[in-house]
file structure.cif (mmCIF, C-alpha atoms and all ligand atoms)
data_coords
loop_
_atom_site.label_atom_id
_atom_site.label_comp_id
_atom_site.auth_asym_id
_atom_site.auth_seq_id
_atom_site.Cartn_x
_atom_site.Cartn_y
_atom_site.Cartn_z
CA MET K 1 102.27 13.93 154.60
CA SER K 2 100.95 12.50 151.34
CA ARG K 3 100.76 14.34 148.03
CA PHE K 4 96.97 14.26 148.40
CA LEU K 5 96.83 16.62 151.39
CA ARG K 6 95.23 19.96 150.49
CA ALA K 7 98.10 22.01 149.06
CA SER K 8 96.87 25.16 150.84
CA LEU K 9 97.65 23.57 154.22
CA GLY K 10 101.40 23.32 153.57
CA ALA K 11 103.92 20.65 154.58
CA ASP K 12 104.20 21.56 158.28
CA PHE K 13 100.48 21.94 158.87
CA GLY K 14 99.01 20.94 162.22
CA TYR K 15 98.70 21.89 165.85
CA MET K 16 101.90 21.23 167.78
CA PRO K 17 101.05 19.89 171.24
CA GLY K 18 103.54 19.75 174.10
CA GLU K 19 105.75 16.64 174.05
CA GLN K 20 104.01 13.51 175.39
CA PRO K 21 106.75 11.09 176.45
CA SER K 22 106.00 7.52 175.40
CA ASP K 23 107.64 6.04 178.51
CA ASP K 24 106.60 7.05 182.02
CA GLY K 25 110.14 6.89 183.38
CA GLY K 26 109.99 9.63 185.97
CA TRP K 27 109.08 12.48 183.63
CA LEU K 28 107.76 15.60 185.27
CA LYS K 29 105.36 17.02 182.67
CA LEU K 30 105.14 20.78 183.04
CA ASN K 31 104.57 21.47 179.34
CA SER K 32 100.82 21.06 178.69
CA ASN K 33 99.18 22.87 181.62
CA GLU K 34 97.72 19.67 183.05
CA SER K 35 96.59 19.47 186.68
CA PRO K 36 99.21 18.76 189.34
CA LEU K 37 96.69 16.56 191.19
CA PRO K 38 94.73 13.59 189.83
CA PRO K 39 90.97 13.97 189.33
CA SER K 40 88.48 13.39 192.13
CA SER K 41 88.66 9.82 193.44
CA THR K 42 84.98 9.46 192.46
CA VAL K 43 85.74 9.76 188.73
CA ALA K 44 87.19 6.29 188.13
CA ALA K 45 84.13 4.49 189.54
CA ALA K 46 81.78 6.71 187.54
CA VAL K 47 83.70 5.98 184.34
CA ALA K 48 83.69 2.23 185.11
CA GLY K 49 79.94 2.38 185.73
CA ALA K 50 79.35 4.07 182.37
CA ALA K 51 81.51 1.45 180.66
CA ALA K 52 78.76 -1.09 181.39
CA GLU K 53 76.48 0.88 179.01
CA LEU K 54 78.86 1.16 176.08
CA ALA K 55 76.60 -0.76 173.68
CA ARG K 56 74.33 2.32 173.59
CA TYR K 57 75.11 5.70 172.03
CA PRO K 58 75.41 8.55 174.53
CA SER K 59 73.09 11.54 174.62
CA PRO K 60 73.89 13.69 171.55
CA VAL K 61 73.83 16.82 173.75
CA ALA K 62 75.73 15.14 176.61
CA GLU K 63 72.88 14.95 179.09
CA PRO K 64 72.83 14.77 182.07
CA LEU K 65 76.16 16.62 182.04
CA ARG K 66 74.70 19.55 180.10
CA SER K 67 72.09 20.12 182.82
CA ALA K 68 74.70 19.79 185.57
CA LEU K 69 76.82 22.47 183.88
CA ALA K 70 73.73 24.66 183.49
CA ARG K 71 73.04 24.36 187.23
CA LEU K 72 76.67 25.17 188.02
CA HIS K 73 76.57 28.38 185.96
CA VAL K 74 72.93 29.21 186.73
CA VAL K 75 71.84 29.20 183.09
CA ASP K 76 69.34 27.18 181.08
CA PRO K 77 70.51 23.81 179.62
CA GLU K 78 69.79 25.27 176.18
CA GLN K 79 72.54 27.79 176.85
CA VAL K 80 75.15 25.04 177.19
CA PHE K 81 77.00 23.25 174.39
CA VAL K 82 79.22 20.33 175.46
CA ALA K 83 81.94 18.85 173.25
CA ASN K 84 85.11 16.75 173.17
CA GLY K 85 87.28 19.36 174.89
CA ALA K 86 87.39 23.13 174.50
CA ASP K 87 89.38 22.46 171.33
CA GLN K 88 86.34 20.89 169.71
CA VAL K 89 84.15 23.79 170.87
CA LEU K 90 86.57 26.13 169.07
CA ASP K 91 86.44 23.89 166.01
CA CYS K 92 82.63 24.08 166.09
CA CYS K 93 82.82 27.89 166.26
CA PHE K 94 84.77 27.83 163.02
CA ARG K 95 82.36 25.29 161.49
CA ALA K 96 79.41 27.48 162.41
CA TYR K 97 80.70 30.96 161.64
CA ALA K 98 83.76 30.97 159.36
CA SER K 99 83.20 30.38 155.64
CA PRO K 100 86.24 30.22 153.33
CA GLY K 101 87.63 33.75 152.91
CA ASP K 102 85.92 35.15 156.02
CA THR K 103 88.10 37.00 158.48
CA VAL K 104 88.68 35.64 161.98
CA VAL K 105 90.22 38.11 164.42
CA ARG K 106 92.45 36.87 167.23
CA THR K 107 95.20 38.13 169.48
CA GLU K 108 98.93 37.52 169.22
CA PRO K 109 100.07 35.97 171.46
CA GLY K 110 97.08 33.72 171.94
CA TYR K 111 96.14 30.06 171.76
CA SER K 112 98.18 28.49 168.94
CA LEU K 113 95.27 26.27 167.84
CA ILE K 114 93.34 29.29 166.48
CA PRO K 115 95.54 30.00 163.43
CA VAL K 116 95.57 26.26 162.69
CA LEU K 117 91.76 26.24 162.62
CA ALA K 118 91.73 29.38 160.47
CA ALA K 119 93.95 27.62 157.91
CA LEU K 120 91.85 24.46 158.07
CA PHE K 121 88.68 26.41 157.33
CA SER K 122 90.40 28.58 154.68
CA ALA K 123 89.51 31.65 156.73
CA ASN K 124 91.53 34.84 156.71
CA ASP K 125 93.57 34.78 159.94
CA HIS K 126 93.80 38.32 161.30
CA ALA K 127 96.22 38.43 164.25
CA VAL K 128 96.26 41.57 166.38
CA ALA K 129 99.19 42.17 168.74
CA VAL K 130 98.20 42.71 172.37
CA GLU K 131 99.66 45.65 174.29
CA PRO K 132 102.79 45.01 176.40
CA ASP K 133 100.61 44.79 179.53
CA GLY K 134 98.45 42.11 177.90
CA SER K 135 95.45 44.37 177.23
CA LEU K 136 93.64 44.54 173.89
CA PRO K 137 94.55 47.35 171.49
CA ALA K 138 91.94 50.13 171.42
CA ASP K 139 90.60 49.22 167.97
CA PHE K 140 90.42 45.44 168.54
CA ALA K 141 86.61 45.40 168.51
CA LEU K 142 86.46 47.46 165.31
CA ARG K 143 88.54 45.13 163.15
CA PRO K 144 86.06 43.54 160.73
CA GLY K 145 85.55 39.81 161.22
CA VAL K 146 82.87 37.13 161.53
CA LEU K 147 84.50 35.60 164.60
CA ARG K 148 86.75 37.19 167.25
CA VAL K 149 88.65 34.96 169.68
CA VAL K 150 90.00 36.29 172.98
CA VAL K 151 91.81 33.99 175.41
CA ASN K 152 91.41 35.15 179.02
CA PRO K 153 93.60 34.41 180.94
CA ASN K 154 95.77 34.36 177.87
CA SER K 155 98.16 31.63 176.83
CA PRO K 156 101.12 31.47 176.90
CA THR K 157 101.52 34.69 178.90
CA GLY K 158 99.02 34.04 181.74
CA ARG K 159 97.91 37.69 181.52
CA TRP K 160 94.30 38.34 182.52
CA ILE K 161 91.92 41.16 181.62
CA GLU K 162 89.22 42.03 184.14
CA PRO K 163 85.76 41.14 182.75
CA ALA K 164 84.45 44.74 183.06
CA THR K 165 87.47 46.03 181.11
CA LEU K 166 87.09 43.33 178.48
CA GLU K 167 83.40 44.13 178.18
CA ALA K 168 84.14 47.82 177.59
CA GLN K 169 86.71 46.89 174.94
CA LEU K 170 84.44 44.40 173.18
CA TRP K 171 81.19 46.34 173.40
CA GLU K 172 81.21 47.40 169.75
CA ALA K 173 82.47 44.11 168.36
CA GLY K 174 80.50 42.76 165.42
CA GLY K 175 80.23 39.07 164.60
CA ILE K 176 80.69 36.39 167.21
CA VAL K 177 82.96 36.96 170.21
CA ALA K 178 84.40 33.71 171.61
CA ILE K 179 86.08 34.14 174.97
CA ASP K 180 88.27 31.14 175.74
CA GLU K 181 88.26 30.79 179.53
CA ALA K 182 90.19 27.51 179.74
CA TYR K 183 92.16 28.93 182.71
CA SER K 184 89.46 31.08 184.27
CA ASP K 185 89.19 29.07 187.50
CA PHE K 186 92.71 30.25 188.37
CA ALA K 187 91.76 33.92 187.85
CA PRO K 188 89.72 36.21 190.11
CA ALA K 189 86.58 36.37 187.90
CA SER K 190 84.87 35.06 184.77
CA CYS K 191 82.94 36.69 181.91
CA VAL K 192 80.02 34.26 182.36
CA PRO K 193 77.93 36.73 184.46
CA LEU K 194 78.18 39.22 181.55
CA LEU K 195 76.60 36.84 179.02
CA PRO K 196 72.97 38.07 179.39
CA ALA K 197 74.03 41.50 178.03
CA HIS K 198 75.83 40.03 175.01
CA PRO K 199 73.83 37.85 172.64
CA ASN K 200 76.88 37.51 170.34
CA TRP K 201 79.25 36.17 173.03
CA LEU K 202 80.27 32.58 173.69
CA VAL K 203 82.32 31.75 176.78
CA ILE K 204 84.35 28.55 176.37
CA ARG K 205 85.42 26.46 179.36
CA THR K 206 87.10 23.10 179.94
CA LEU K 207 87.32 20.41 182.60
CA SER K 208 90.89 19.65 181.48
CA LYS K 209 92.61 22.05 183.85
CA SER K 210 90.91 22.80 187.18
CA HIS K 211 89.07 19.44 187.22
CA ALA K 212 92.12 17.40 186.15
CA LEU K 213 90.28 15.72 183.28
CA ALA K 214 92.55 16.48 180.31
CA GLY K 215 92.50 12.79 179.40
CA LEU K 216 88.71 12.54 179.39
CA ARG K 217 88.13 15.42 176.91
CA VAL K 218 85.23 17.57 178.07
CA GLY K 219 84.82 21.23 177.17
CA TYR K 220 81.77 23.43 176.78
CA ALA K 221 80.44 26.78 175.65
CA LEU K 222 77.90 29.00 177.38
CA GLY K 223 75.91 31.57 175.44
CA ASP K 224 72.58 32.73 174.14
CA ARG K 225 70.23 29.96 172.98
CA PRO K 226 70.44 30.72 169.21
CA LEU K 227 74.25 30.53 169.31
CA ILE K 228 74.14 27.24 171.18
CA ALA K 229 71.69 25.97 168.55
CA ASP K 230 74.25 26.99 165.87
CA LEU K 231 76.95 24.92 167.56
CA ASN K 232 74.63 21.95 167.92
CA ALA K 233 73.77 22.16 164.23
CA VAL K 234 77.41 21.70 163.20
CA ARG K 235 78.66 19.31 165.90
CA ASP K 236 79.56 15.67 165.48
CA SER K 237 76.71 13.22 166.07
CA TYR K 238 77.83 12.21 169.58
CA PRO K 239 80.73 14.43 170.58
CA VAL K 240 80.99 13.34 174.23
CA ASP K 241 81.15 9.63 175.05
CA ARG K 242 79.35 7.94 177.94
CA CYS K 243 82.49 7.58 180.07
CA ALA K 244 83.33 11.25 179.66
CA ILE K 245 79.79 12.31 180.58
CA ALA K 246 79.81 10.17 183.74
CA GLY K 247 83.37 11.09 184.76
CA ALA K 248 82.72 14.80 184.26
CA MET K 249 79.53 14.60 186.34
CA ALA K 250 81.47 13.00 189.20
CA ALA K 251 84.25 15.61 188.99
CA LEU K 252 81.74 18.48 189.02
CA GLU K 253 80.01 17.07 192.08
CA ASP K 254 83.25 16.91 194.09
CA ARG K 255 83.53 20.64 194.72
CA ALA K 256 86.00 20.16 197.59
CA HIS K 257 88.47 18.39 195.29
CA HIS K 258 88.08 21.11 192.66
CA ARG K 259 88.88 23.72 195.32
CA LEU K 260 91.93 21.71 196.37
CA ILE K 261 93.27 21.66 192.80
CA VAL K 262 92.74 25.41 192.44
CA SER K 263 94.25 26.28 195.84
CA THR K 264 97.28 24.04 195.17
CA VAL K 265 97.89 25.79 191.86
CA LEU K 266 97.50 29.28 193.33
CA ARG K 267 99.90 28.49 196.19
CA GLU K 268 102.55 26.88 193.99
CA ARG K 269 102.14 29.55 191.28
CA ALA K 270 103.02 32.22 193.84
CA ARG K 271 105.98 30.22 195.13
CA LEU K 272 107.34 29.48 191.63
CA SER K 273 106.86 33.09 190.48
CA ASP K 274 108.46 34.62 193.57
CA ARG K 275 111.42 32.29 193.51
CA LEU K 276 112.07 32.79 189.78
CA ASP K 277 111.85 36.52 190.35
CA ALA K 278 114.41 36.25 193.15
CA LEU K 279 116.69 34.31 190.80
CA GLY K 280 116.64 37.25 188.37
CA TRP K 281 114.02 35.93 185.95
CA ARG K 282 111.46 38.24 184.33
CA VAL K 283 108.14 36.73 185.36
CA GLU K 284 104.85 37.70 183.69
CA PRO K 285 102.04 38.10 186.22
CA SER K 286 100.07 34.87 185.79
CA HIS K 287 96.38 34.24 186.40
CA ALA K 288 96.54 30.75 184.91
CA ASN K 289 98.03 27.38 185.95
CA PHE K 290 101.39 28.18 184.39
CA VAL K 291 104.12 30.76 184.68
CA PHE K 292 105.64 32.50 181.65
CA ALA K 293 109.11 33.67 182.46
CA SER K 294 112.38 34.67 180.87
CA PRO K 295 115.80 33.80 182.32
CA PRO K 296 118.30 36.49 183.31
CA PRO K 297 120.77 37.83 180.71
CA GLY K 298 123.42 35.30 179.77
CA ILE K 299 121.12 32.29 180.17
CA SER K 300 118.99 31.31 177.16
CA ALA K 301 115.48 29.93 177.47
CA VAL K 302 116.35 27.09 175.07
CA ALA K 303 119.36 26.13 177.19
CA VAL K 304 117.23 26.06 180.36
CA ALA K 305 114.60 23.90 178.64
CA ALA K 306 117.36 21.50 177.51
CA ARG K 307 118.90 21.37 180.99
CA LEU K 308 115.49 20.67 182.54
CA ARG K 309 114.89 17.96 179.94
CA ASP K 310 118.18 16.31 180.95
CA GLU K 311 116.61 16.06 184.41
CA ARG K 312 113.43 14.63 182.86
CA ILE K 313 111.45 17.81 183.39
CA LEU K 314 109.46 19.01 180.37
CA VAL K 315 108.52 22.68 179.97
CA ARG K 316 107.26 24.54 176.89
CA HIS K 317 109.36 26.80 174.69
CA PHE K 318 107.73 28.69 171.82
CA THR K 319 109.87 29.73 168.87
CA ALA K 320 107.74 32.69 167.72
CA PRO K 321 109.58 36.02 167.84
CA GLY K 322 108.81 37.80 171.12
CA LEU K 323 108.01 34.51 172.87
CA ASP K 324 111.29 32.75 172.18
CA GLY K 325 113.09 34.27 175.16
CA PHE K 326 110.55 32.77 177.58
CA LEU K 327 109.55 29.40 178.98
CA ARG K 328 106.02 28.43 179.89
CA ILE K 329 106.20 26.29 183.00
CA THR K 330 103.05 24.53 184.18
CA VAL K 331 102.48 24.91 187.91
CA GLY K 332 102.91 21.54 189.58
CA ASP K 333 102.55 20.35 193.16
CA GLU K 334 105.00 21.27 195.92
CA ARG K 335 107.54 18.60 194.94
CA ALA K 336 107.38 19.63 191.29
CA THR K 337 108.06 23.27 192.19
CA ASP K 338 111.02 22.21 194.34
CA ARG K 339 112.39 19.97 191.57
CA VAL K 340 112.19 22.58 188.82
CA LEU K 341 113.58 25.34 191.05
CA ALA K 342 116.53 23.20 192.14
CA VAL K 343 117.64 22.76 188.50
CA ILE K 344 117.08 26.42 187.64
CA ALA K 345 118.85 27.71 190.78
CA ALA K 346 121.91 25.59 189.93
CA LEU K 347 122.17 27.37 186.54
CA ASN K 348 122.78 30.69 188.33
CA GLY K 349 126.05 29.21 189.60
C1 LIG K 401 93.64 28.56 175.80
C2 LIG K 401 93.28 27.11 175.68
N1 LIG K 401 92.07 26.78 175.23
C3 LIG K 401 91.71 25.49 175.10
C4 LIG K 401 92.58 24.48 175.45
C5 LIG K 401 92.18 23.05 175.23
O1 LIG K 401 91.28 22.61 176.17
P1 LIG K 401 90.71 21.13 176.07
O2 LIG K 401 91.67 20.23 176.75
O3 LIG K 401 89.40 21.20 176.79
O4 LIG K 401 90.53 20.82 174.62
C6 LIG K 401 93.84 24.77 175.90
C7 LIG K 401 94.77 23.68 176.26
O5 LIG K 401 95.83 23.79 176.75
C8 LIG K 401 94.21 26.12 176.03
O6 LIG K 401 95.44 26.47 176.43
#

call {"tool": "encode", "arguments": {"input": "structure.cif", "output": "structure tokens", "more": "lines below"}}
Ligand SMILES: Cc1ncc(COP(=O)(O)O)c(C=O)c1O
result
Amino acid sequence: MSRFLRASLGADFGYMPGEQPSDDGGWLKLNSNESPLPPSSTVAAAVAGAAAELARYPSPVAEPLRSALARLHVVDPEQVFVANGADQVLDCCFRAYASPGDTVVRTEPGYSLIPVLAALFSANDHAVAVEPDGSLPADFALRPGVLRVVVNPNSPTGRWIEPATLEAQLWEAGGIVAIDEAYSDFAPASCVPLLPAHPNWLVIRTLSKSHALAGLRVGYALGDRPLIADLNAVRDSYPVDRCAIAGAMAALEDRAHHRLIVSTVLRERARLSDRLDALGWRVEPSHANFVFASPPPGISAVAVAARLRDERILVRHFTAPGLDGFLRITVGDERATDRVLAVIAALNG
């Protein structure tokens, strides 16, 4: 960091992503909740086709992808905001709604990018601890704030709150309610059908997980037209490039491949969870594409992560108190589950 960086950000400022190995020497990456399968085979050709048009700027509102997403969710295109990943949608929520000194309410645990954005926008970061079962505390909606972020299913726990329950808990919430549904396709239901009753809600989704497009960077928000207009007012000039628009369109059209990704994750999630449970681990019930679990007494989470790393398997360990006894393991394909379980089973002796 240089001496010119805003002093308020501090020396260690920044979002800490999962490790991205620079070599591809047999690493099994189970640390960033990426898809176990590649994207639809139609994506590469669509991206190559769009590359022929790179001399021209893309549509500023990511058409025709915006309309395709509107059809998928049975809303109007003006209720869809598309950006460079769900992360940029969250960034735009802060740009639109959080002035310096405003309070942003979020849960703890929750997505670790949110406090980083709060610091970046000089907002007051108000973290509220979730209940042990993952539900929101009774007064969550009543905490004053301009923006309230709920991650459902949550990260890193994988806990999920049923939309009707969440709606009851958020009914009285003032300000904007942003529901980050990055992992929603791995859960039984989404909050999208509730949007018509909530003009202050934004539901945020991504193609990074259940469409295997983390490398293409496409995320979006659904909400009432005035909110979507707010996000468009503060967005970058052309947030989604031509290749991303074309690749995302192709991935959305291949519904069978999307279902295959989801069914693979659900099957392997159950297998990984059950087996860890049988090995004496404490496993949080997951509705996402990862499993959050704590090893049995006598085995530390850090030691397991190190042992897995020796075998070129990367998982995520968070150092925050309360999370530090757990590992977040992305659900992989069948071979990945076998590989990670073989190392973990050997630790039990
Ligand atoms: C809760 C949550 N929201 C958003 C994202 C980022 O999504 P995207 O890749 O679309 O930026 C992640 C990424 O892991 C996430 O865990």

call {"tool": "residues_around", "arguments": {"input": "structure.cif", "residues": "K:Ala83", "least_positions_apart": "5", "cutoff": "7 Å", "atoms": "all atoms listed in the file", "output": "VMD selection string"}}
result
chain K and resid 88 to 89 218 to 220 239 to 240

call {"tool": "closest_atom_pairs", "arguments": {"input": "structure.cif", "of": "chain K", "to": "ligand LIG 401 (chain K)", "cutoff": "7 Å", "atoms": "all atoms listed in the file", "output": "JSON lines"}}
result
{"residue": "K:Ser32", "atom": "CA", "partner": "K:LIG401", "partner_atom": "O5", "distance": 6.0}
{"residue": "K:Asn33", "atom": "CA", "partner": "K:LIG401", "partner_atom": "O5", "distance": 6.0}
{"residue": "K:Asn84", "atom": "CA", "partner": "K:LIG401", "partner_atom": "O4", "distance": 6.9}
{"residue": "K:Gly85", "atom": "CA", "partner": "K:LIG401", "partner_atom": "O3", "distance": 3.4}
{"residue": "K:Ala86", "atom": "CA", "partner": "K:LIG401", "partner_atom": "O3", "distance": 3.6}
{"residue": "K:Asp87", "atom": "CA", "partner": "K:LIG401", "partner_atom": "O4", "distance": 3.9}
{"residue": "K:Gln88", "atom": "CA", "partner": "K:LIG401", "partner_atom": "O4", "distance": 6.5}
{"residue": "K:Tyr111", "atom": "CA", "partner": "K:LIG401", "partner_atom": "C1", "distance": 5.0}
{"residue": "K:Val151", "atom": "CA", "partner": "K:LIG401", "partner_atom": "C1", "distance": 5.7}
{"residue": "K:Asn154", "atom": "CA", "partner": "K:LIG401", "partner_atom": "C1", "distance": 6.5}
{"residue": "K:Ser155", "atom": "CA", "partner": "K:LIG401", "partner_atom": "C1", "distance": 5.6}
{"residue": "K:Asp180", "atom": "CA", "partner": "K:LIG401", "partner_atom": "N1", "distance": 5.8}
{"residue": "K:Glu181", "atom": "CA", "partner": "K:LIG401", "partner_atom": "C1", "distance": 6.9}
{"residue": "K:Ala182", "atom": "CA", "partner": "K:LIG401", "partner_atom": "N1", "distance": 4.9}
{"residue": "K:Thr206", "atom": "CA", "partner": "K:LIG401", "partner_atom": "O3", "distance": 4.3}
{"residue": "K:Leu207", "atom": "CA", "partner": "K:LIG401", "partner_atom": "O3", "distance": 6.2}
{"residue": "K:Ser208", "atom": "CA", "partner": "K:LIG401", "partner_atom": "O2", "distance": 4.8}
{"residue": "K:Ala214", "atom": "CA", "partner": "K:LIG401", "partner_atom": "O2", "distance": 5.2}
{"residue": "K:Arg217", "atom": "CA", "partner": "K:LIG401", "partner_atom": "O3", "distance": 5.9}
{"residue": "K:Val218", "atom": "CA", "partner": "K:LIG401", "partner_atom": "O3", "distance": 5.7}
{"residue": "K:Gly219", "atom": "CA", "partner": "K:LIG401", "partner_atom": "O3", "distance": 4.6}

call {"tool": "atom_distance", "arguments": {"input": "structure.cif", "atom1": "atom CA of K:Ser35", "atom2": "atom CA of K:His257"}}
result
11.9 Å

call {"tool": "closest_residue", "arguments": {"input": "structure.cif", "among": "K:Val149, K:Met16, K:Leu65, K:Ile329", "to": "K:Asn289", "atoms": "all atoms listed in the file"}}
result
K:Ile329

call {"tool": "atom_distance", "arguments": {"input": "structure.cif", "atom1": "atom CA of K:Met1", "atom2": "atom CA of K:Asp102"}}
result
26.8 Å

call {"tool": "closest_residue", "arguments": {"input": "structure.cif", "among": "K:Arg56, K:Arg259, K:Arg205, K:Arg339", "to": "K:Ser40", "atoms": "only C-alpha atoms"}}
result
K:Arg259

call {"tool": "closest_residue", "arguments": {"input": "structure.cif", "among": "K:Trp281, K:Trp160, K:Trp201, K:Phe140", "to": "K:Gln79", "atoms": "only C-alpha atoms"}}
result
K:Trp201

call {"tool": "build_atoms", "arguments": {"input": "structure.cif", "residues": "stretch 66-85 of chain K", "atoms": "N, CA and C atoms", "output": "compact mmCIF listing (two decimals), in the coordinates of the input"}}
result
# COMPACT_ATOMS: atom_id res chain seq x y z
N ARG K 66 75.10 18.20 180.52
CA ARG K 66 74.70 19.55 180.10
C ARG K 66 73.89 20.23 181.18
N SER K 67 72.93 19.51 181.77
CA SER K 67 72.09 20.12 182.82
C SER K 67 72.89 20.42 184.07
N ALA K 68 73.86 19.54 184.39
CA ALA K 68 74.70 19.79 185.57
C ALA K 68 75.52 21.06 185.37
N LEU K 69 76.04 21.25 184.16
CA LEU K 69 76.82 22.47 183.88
C LEU K 69 75.91 23.70 183.92
N ALA K 70 74.68 23.54 183.45
CA ALA K 70 73.73 24.66 183.49
C ALA K 70 73.44 25.05 184.93
N ARG K 71 73.28 24.05 185.81
CA ARG K 71 73.04 24.36 187.23
C ARG K 71 74.25 25.07 187.83
N LEU K 72 75.43 24.58 187.47
CA LEU K 72 76.67 25.17 188.02
C LEU K 72 76.76 26.66 187.65
N HIS K 73 76.40 26.99 186.42
CA HIS K 73 76.57 28.38 185.96
C HIS K 73 75.26 29.18 186.02
N VAL K 74 74.24 28.56 186.57
CA VAL K 74 72.93 29.21 186.73
C VAL K 74 72.42 29.77 185.39
N VAL K 75 72.42 28.88 184.39
CA VAL K 75 71.84 29.20 183.09
C VAL K 75 70.91 28.05 182.71
N ASP K 76 70.25 28.20 181.57
CA ASP K 76 69.34 27.18 181.08
C ASP K 76 70.15 26.11 180.33
N PRO K 77 69.75 24.82 180.39
CA PRO K 77 70.51 23.81 179.62
C PRO K 77 70.66 24.17 178.14
N GLU K 78 69.67 24.89 177.59
CA GLU K 78 69.79 25.27 176.18
C GLU K 78 70.82 26.36 175.92
N GLN K 79 71.44 26.81 177.00
CA GLN K 79 72.54 27.79 176.85
C GLN K 79 73.91 27.12 177.01
N VAL K 80 73.90 25.78 176.99
CA VAL K 80 75.15 25.04 177.19
C VAL K 80 75.39 24.09 176.01
N PHE K 81 76.59 24.17 175.45
CA PHE K 81 77.00 23.25 174.39
C PHE K 81 78.22 22.48 174.90
N VAL K 82 78.13 21.14 174.92
CA VAL K 82 79.22 20.33 175.46
C VAL K 82 79.89 19.57 174.31
N ALA K 83 81.22 19.51 174.34
CA ALA K 83 81.94 18.85 173.25
C ALA K 83 83.18 18.13 173.79
N ASN K 84 83.91 17.53 172.87
CA ASN K 84 85.11 16.75 173.17
C ASN K 84 86.28 17.70 173.42
N GLY K 85 86.23 18.39 174.56
CA GLY K 85 87.28 19.36 174.89
C GLY K 85 86.94 20.75 174.35
